[in-house]
Amino acid sequence: MKVCIYGAGAIGGLMAAWLARAGHEVSVVARGAQLEAIRRHGLRVRSKGEAESFRIKAESDPAKLGAQDYVLVAVKAQSLTQVAENISALLGADTSVVTAMNGVPWWFFHGLRNGNNHLESLDPGGKLSRAIPTERVVGCVIHLAASTPEPGVVSHNMGAKLILGEPGGKNTARTGRIGDALTAAGFEVIVTETIEKEFWVKLLGNVSFNPVSALTATTADQLIQNDEVKAYMVAIMREVLAIGRAVGVDANIDPEARIDMARALGRFKTSMLQDLEAGKALEIDGLLAGTLEIARKAGVKAPFTESLFGLIRARAQSTGQYR
């Protein structure tokens, strides 16, 4: 199988490495220090105390890689505009696009019976929808922890679970093929007919833990142990649950149970806290702006989530990490 990973950070890098190890023809679209390190030393992965290096073709220009069987998009939401502008070179007539990212995907409403099917905060002017038609999309919800301690190096910290499904639940052979490939590569793959629900379950934790951890420079376990902060995050989760239900997506999980999912991971830094410390742009719109746009469309009030959006946006703007 010919597979391109668009975005060779922690998650994308791990996918690229394991798929390459399984014998697939893998390439990555990367940039900056990450691109140079992969070219110079290969893509290096540390997992379970072992280190491996993979020689993988890496380019900043997708046009140099040609049409693929699958493109796995593993960038943060703020980089999706660049993806929309450049992904066409990777798309053949039958290419599938797997969206492996946090937050609300731009195609969230496309498979639902909902008239408000465009999210301007995530897909300005509909550029993404035109560049990546929904019929190509396979959604991917990530339940694993990885980081990039230095350019070209991926540290796989825990977990290997991926949940796959197509918008609206009508899964086709495209989902089965990539699911089989990822399973053979070492991931724990679940195929679902309710991928929107799985995104919303993940969103409960992302919307609360990520921004609060960045604001407080605190690991997830410490947030849970602080009664006042935990109560604030539970209030946000309840709002997000209500927003989902208002548009027909019931995550069907109690906030305490969602917190238990994070508690099981132990002491870890959220991806937003890692990005804050590294001076990178923060994934604010993909998590919060999109969620609040859905709330406005559905007529659901979300004051706790709105206040968090304002606070983390102001924090990131003060250091030039939000545009």
# chains A, B, ... in the order shown; residues from 1 in each chain; ligands from 1
$ closest_atom_pairs --of "stretch 147-229 of chain A" --to "stretch 125-139 of chain A" --cutoff "8 Å" --atoms "only C-alpha atoms" --output "tab-separated table"
residue	atom	partner	partner_atom	distance
A:Ile163	CA	A:Gly139	CA	8.0
A:Leu164	CA	A:Gly139	CA	5.6
A:Gly165	CA	A:Gly139	CA	5.3
A:Glu166	CA	A:Val138	CA	4.6
A:Pro167	CA	A:Gly139	CA	7.0
A:Arg174	CA	A:Val138	CA	7.7
A:Thr175	CA	A:Val138	CA	6.3
A:Ile195	CA	A:Gly139	CA	6.7
$ closest_atom_pairs --of "stretch 50-103 of chain A" --to "stretch 35-42 of chain A" --cutoff "10 Å" --atoms "only C-alpha atoms" --output "JSON lines"
{"residue": "A:Glu52", "atom": "CA", "partner": "A:Gly42", "partner_atom": "CA", "distance": 9.4}
{"residue": "A:Ser53", "atom": "CA", "partner": "A:Gly42", "partner_atom": "CA", "distance": 5.8}
{"residue": "A:Phe54", "atom": "CA", "partner": "A:Gly42", "partner_atom": "CA", "distance": 5.2}
{"residue": "A:Arg55", "atom": "CA", "partner": "A:Gly42", "partner_atom": "CA", "distance": 4.7}
{"residue": "A:Ile56", "atom": "CA", "partner": "A:Gly42", "partner_atom": "CA", "distance": 6.5}
{"residue": "A:Lys57", "atom": "CA", "partner": "A:Arg39", "partner_atom": "CA", "distance": 7.5}
{"residue": "A:Ala58", "atom": "CA", "partner": "A:Arg39", "partner_atom": "CA", "distance": 6.5}
{"residue": "A:Glu59", "atom": "CA", "partner": "A:Leu35", "partner_atom": "CA", "distance": 7.1}
{"residue": "A:Ser60", "atom": "CA", "partner": "A:Leu35", "partner_atom": "CA", "distance": 7.3}
$ atom_distance --atom1 "atom CA of A:Gly9" --atom2 "atom CA of A:Met158"
16.0 Å
$ residues_around --residues "A:Gln321" --least-positions-apart "6" --cutoff "8 Å" --atoms "only C-alpha atoms" --output "ChimeraX atom specification"
/A:276,279-282
$ select_by_dssp --residues "stretch 84-152 of chain A" --states "helix (DSSP H, G or I)" --output "JSON, numbers by chain"
{"A": [84, 85, 86, 87, 88, 89, 90, 124, 125, 126, 127, 128, 129, 130, 131, 134, 135, 136]}
$ write_last_selection --atoms "N, CA and C atoms" --output "CSV table (one decimal), in the first residue's frame"
chain,number,residue,atom,x,y,z
A,84,ALA,N,-5.2,22.0,2.7
A,84,ALA,CA,-6.1,22.2,1.7
A,84,ALA,C,-5.5,22.8,0.4
A,85,GLU,N,-4.5,23.6,0.6
A,85,GLU,CA,-3.8,24.2,-0.6
A,85,GLU,C,-2.9,23.3,-1.3
A,86,ASN,N,-2.4,22.2,-0.7
A,86,ASN,CA,-1.4,21.4,-1.2
A,86,ASN,C,-1.7,19.9,-1.4
A,87,ILE,N,-2.8,19.5,-0.9
A,87,ILE,CA,-3.0,18.0,-0.8
A,87,ILE,C,-3.4,17.4,-2.2
A,88,SER,N,-3.8,18.3,-3.1
A,88,SER,CA,-4.3,17.7,-4.4
A,88,SER,C,-3.3,16.9,-5.1
A,89,ALA,N,-2.0,17.2,-5.0
A,89,ALA,CA,-1.0,16.4,-5.7
A,89,ALA,C,-0.9,15.0,-5.2
A,90,LEU,N,-1.5,14.7,-4.0
A,90,LEU,CA,-1.4,13.4,-3.4
A,90,LEU,C,-2.6,12.5,-3.7
A,124,PRO,N,-12.8,27.8,6.7
A,124,PRO,CA,-13.1,29.1,6.2
A,124,PRO,C,-13.4,29.1,4.7
A,125,GLY,N,-14.5,29.5,4.3
A,125,GLY,CA,-14.9,29.6,2.8
A,125,GLY,C,-15.1,28.2,2.2
A,126,GLY,N,-15.1,27.1,3.0
A,126,GLY,CA,-15.3,25.8,2.4
A,126,GLY,C,-14.1,25.2,1.7
A,127,LYS,N,-12.9,25.8,1.9
A,127,LYS,CA,-11.7,25.3,1.1
A,127,LYS,C,-11.4,23.9,1.4
A,128,LEU,N,-11.5,23.4,2.7
A,128,LEU,CA,-11.2,22.1,3.0
A,128,LEU,C,-12.2,21.1,2.4
A,129,SER,N,-13.5,21.5,2.4
A,129,SER,CA,-14.5,20.6,1.9
A,129,SER,C,-14.3,20.4,0.4
A,130,ARG,N,-13.9,21.4,-0.3
A,130,ARG,CA,-13.6,21.3,-1.7
A,130,ARG,C,-12.4,20.5,-2.0
A,131,ALA,N,-11.3,20.7,-1.2
A,131,ALA,CA,-10.1,20.0,-1.4
A,131,ALA,C,-10.1,18.5,-1.0
A,134,THR,N,-16.0,14.8,1.2
A,134,THR,CA,-16.3,13.8,2.3
A,134,THR,C,-16.3,12.4,1.9
A,135,GLU,N,-16.6,12.1,0.6
A,135,GLU,CA,-16.7,10.7,0.2
A,135,GLU,C,-15.3,10.1,0.2
A,136,ARG,N,-14.2,10.9,0.3
A,136,ARG,CA,-12.9,10.3,0.5
A,136,ARG,C,-12.5,10.0,1.9
$ residues_around --residues "A:Arg21" --least-positions-apart "4" --cutoff "12 Å" --atoms "only C-alpha atoms" --output "tab-separated table (two decimals) with N, CA and C atoms, in the first residue's frame"
chain	number	residue	atom	x	y	z
A	14	LEU	N	4.64	8.35	14.42
A	14	LEU	CA	4.46	6.97	14.88
A	14	LEU	C	3.73	6.14	13.83
A	15	MET	N	2.70	6.70	13.22
A	15	MET	CA	1.98	5.99	12.16
A	15	MET	C	2.90	5.68	10.99
A	16	ALA	N	3.68	6.66	10.59
A	16	ALA	CA	4.60	6.47	9.46
A	16	ALA	C	5.60	5.36	9.75
A	17	ALA	N	6.18	5.39	10.94
A	17	ALA	CA	7.21	4.41	11.29
A	17	ALA	C	6.65	3.00	11.34
A	25	GLU	N	4.77	1.21	1.47
A	25	GLU	CA	5.55	2.28	0.85
A	25	GLU	C	5.11	3.60	1.48
A	26	VAL	N	5.88	4.09	2.42
A	26	VAL	CA	5.46	5.23	3.24
A	26	VAL	C	6.32	6.45	2.94
A	43	LEU	N	13.65	8.54	10.54
A	43	LEU	CA	12.63	8.79	11.56
A	43	LEU	C	12.88	7.81	12.70
A	44	ARG	N	13.21	8.36	13.86
A	44	ARG	CA	13.58	7.52	15.01
A	44	ARG	C	12.42	7.44	16.00
A	45	VAL	N	12.14	6.21	16.45
A	45	VAL	CA	11.02	5.97	17.35
A	45	VAL	C	11.50	5.22	18.58
A	52	GLU	N	14.18	2.44	17.33
A	52	GLU	CA	14.30	2.02	15.93
A	52	GLU	C	14.44	3.25	15.06
A	53	SER	N	15.08	3.07	13.90
A	53	SER	CA	15.21	4.16	12.94
A	53	SER	C	14.70	3.68	11.59
A	54	PHE	N	13.95	4.54	10.92
A	54	PHE	CA	13.33	4.18	9.65
A	54	PHE	C	13.70	5.20	8.59
A	55	ARG	N	14.21	4.73	7.48
A	55	ARG	CA	14.50	5.59	6.35
A	55	ARG	C	13.22	5.77	5.54
A	56	ILE	N	12.65	6.93	5.63
A	56	ILE	CA	11.36	7.22	4.99
A	56	ILE	C	11.52	8.46	4.13
A	181	ALA	N	-4.46	-2.58	7.67
A	181	ALA	CA	-3.06	-2.19	7.57
A	181	ALA	C	-2.54	-1.67	8.90
A	182	LEU	N	-3.33	-0.84	9.57
A	182	LEU	CA	-2.91	-0.28	10.85
A	182	LEU	C	-2.86	-1.35	11.94
A	184	ALA	N	-2.18	-4.58	11.43
A	184	ALA	CA	-0.98	-5.37	11.16
A	184	ALA	C	0.29	-4.60	11.54
A	185	ALA	N	0.20	-3.27	11.53
A	185	ALA	CA	1.36	-2.45	11.88
A	185	ALA	C	1.58	-2.36	13.39
A	186	GLY	N	0.59	-2.79	14.18
A	186	GLY	CA	0.76	-2.80	15.62
A	186	GLY	C	-0.22	-1.95	16.41
$ closest_atom_pairs --of "stretch 168-264 of chain A" --to "stretch 301-311 of chain A" --cutoff "9 Å" --atoms "only C-alpha atoms" --output "Markdown table"
| residue | atom | partner | partner_atom | distance |
| --- | --- | --- | --- | --- |
| A:Val207 | CA | A:Thr305 | CA | 8.0 |
| A:Ser208 | CA | A:Thr305 | CA | 8.2 |
| A:Pro211 | CA | A:Leu308 | CA | 7.3 |
| A:Val212 | CA | A:Leu308 | CA | 7.7 |
| A:Leu215 | CA | A:Leu311 | CA | 7.9 |
| A:Tyr232 | CA | A:Phe304 | CA | 7.7 |
| A:Met233 | CA | A:Phe304 | CA | 8.7 |
| A:Ala235 | CA | A:Phe304 | CA | 6.9 |
| A:Ile236 | CA | A:Thr305 | CA | 5.5 |
| A:Met237 | CA | A:Thr305 | CA | 8.6 |
| A:Glu239 | CA | A:Ala302 | CA | 5.6 |
| A:Val240 | CA | A:Ala302 | CA | 7.8 |
| A:Ala242 | CA | A:Ala302 | CA | 8.9 |
| A:Ile243 | CA | A:Ala302 | CA | 8.2 |
$ write_last_selection --atoms "N, CA and C atoms" --output "short mmCIF file (atom, residue, chain, number, x, y, z; two decimals), in the first residue's frame"
data_model
loop_
_atom_site.label_atom_id
_atom_site.label_comp_id
_atom_site.auth_asym_id
_atom_site.auth_seq_id
_atom_site.Cartn_x
_atom_site.Cartn_y
_atom_site.Cartn_z
N VAL A 207 -11.24 19.50 25.18
CA VAL A 207 -11.70 20.86 25.42
C VAL A 207 -11.42 21.30 26.84
N SER A 208 -11.45 20.37 27.77
CA SER A 208 -11.24 20.73 29.17
C SER A 208 -9.77 20.61 29.58
N PRO A 211 -6.68 23.07 27.32
CA PRO A 211 -6.50 24.49 27.62
C PRO A 211 -6.20 24.75 29.10
N VAL A 212 -6.86 24.02 30.01
CA VAL A 212 -6.63 24.25 31.43
C VAL A 212 -5.20 23.88 31.81
N LEU A 215 -2.98 26.72 30.60
CA LEU A 215 -3.12 27.92 31.42
C LEU A 215 -2.40 27.78 32.76
N TYR A 232 -14.34 22.75 37.71
CA TYR A 232 -14.44 23.62 36.53
C TYR A 232 -14.44 22.78 35.26
N MET A 233 -13.56 21.78 35.18
CA MET A 233 -13.50 20.94 33.99
C MET A 233 -14.76 20.10 33.84
N ALA A 235 -17.73 21.05 34.75
CA ALA A 235 -18.75 21.98 34.24
C ALA A 235 -18.60 22.16 32.73
N ILE A 236 -17.37 22.26 32.24
CA ILE A 236 -17.12 22.38 30.80
C ILE A 236 -17.59 21.12 30.08
N MET A 237 -17.27 19.96 30.65
CA MET A 237 -17.70 18.70 30.03
C MET A 237 -19.21 18.61 29.93
N GLU A 239 -21.29 21.07 29.60
CA GLU A 239 -21.70 21.93 28.49
C GLU A 239 -21.46 21.27 27.15
N VAL A 240 -20.30 20.65 26.99
CA VAL A 240 -19.96 20.01 25.72
C VAL A 240 -20.89 18.83 25.46
N ALA A 242 -24.00 18.68 26.40
CA ALA A 242 -25.27 19.28 25.99
C ALA A 242 -25.22 19.77 24.55
N ILE A 243 -24.09 20.32 24.15
CA ILE A 243 -23.93 20.79 22.76
C ILE A 243 -24.07 19.61 21.80
#
$ select_by_dssp --residues "stretch 91-191 of chain A" --states "strand (DSSP E)" --output "PyMOL selection string"
chain A and resi 91-100+137-150+153-165+188-191
$ write_last_selection --atoms "C-alpha atoms" --output "mmCIF file, in the first residue's frame"
data_model
loop_
_atom_site.group_PDB
_atom_site.id
_atom_site.type_symbol
_atom_site.label_atom_id
_atom_site.label_comp_id
_atom_site.auth_asym_id
_atom_site.auth_seq_id
_atom_site.Cartn_x
_atom_site.Cartn_y
_atom_site.Cartn_z
ATOM 1 C CA LEU A 91 -4.924 12.517 -4.507
ATOM 2 C CA GLY A 92 -5.615 10.051 -7.270
ATOM 3 C CA ALA A 93 -9.041 8.910 -8.388
ATOM 4 C CA ASP A 94 -9.376 6.395 -5.534
ATOM 5 C CA THR A 95 -7.246 7.972 -2.811
ATOM 6 C CA SER A 96 -8.721 7.922 0.693
ATOM 7 C CA VAL A 97 -7.936 10.574 3.304
ATOM 8 C CA VAL A 98 -7.735 9.590 6.972
ATOM 9 C CA THR A 99 -8.150 12.535 9.346
ATOM 10 C CA ALA A 100 -6.194 11.708 12.509
ATOM 11 C CA VAL A 137 -12.775 10.696 4.281
ATOM 12 C CA VAL A 138 -12.146 8.131 7.003
ATOM 13 C CA GLY A 139 -12.254 9.645 10.490
ATOM 14 C CA CYS A 140 -9.703 8.517 13.057
ATOM 15 C CA VAL A 141 -9.930 9.142 16.809
ATOM 16 C CA ILE A 142 -6.606 8.713 18.592
ATOM 17 C CA HIS A 143 -6.265 7.182 22.045
ATOM 18 C CA LEU A 144 -2.518 7.020 22.583
ATOM 19 C CA ALA A 145 0.192 9.247 23.983
ATOM 20 C CA ALA A 146 3.306 10.240 22.045
ATOM 21 C CA SER A 147 5.646 13.208 21.939
ATOM 22 C CA THR A 148 8.559 14.617 19.938
ATOM 23 C CA PRO A 149 11.376 15.264 22.429
ATOM 24 C CA GLU A 150 13.637 16.448 19.616
ATOM 25 C CA VAL A 153 12.435 11.587 17.214
ATOM 26 C CA VAL A 154 9.074 10.209 18.337
ATOM 27 C CA SER A 155 8.596 8.913 21.857
ATOM 28 C CA HIS A 156 5.698 6.470 22.092
ATOM 29 C CA ASN A 157 4.619 6.797 25.702
ATOM 30 C CA MET A 158 1.491 4.682 26.090
ATOM 31 C CA GLY A 159 -1.510 3.225 24.298
ATOM 32 C CA ALA A 160 -2.039 2.239 20.669
ATOM 33 C CA LYS A 161 -5.805 2.555 20.184
ATOM 34 C CA LEU A 162 -7.285 4.035 17.010
ATOM 35 C CA ILE A 163 -11.016 4.267 16.247
ATOM 36 C CA LEU A 164 -11.936 4.453 12.555
ATOM 37 C CA GLY A 165 -15.168 5.253 10.770
ATOM 38 C CA GLU A 188 -5.285 -1.543 18.280
ATOM 39 C CA VAL A 189 -7.967 -0.653 15.749
ATOM 40 C CA ILE A 190 -11.705 -0.422 16.327
ATOM 41 C CA VAL A 191 -14.058 0.262 13.414
#
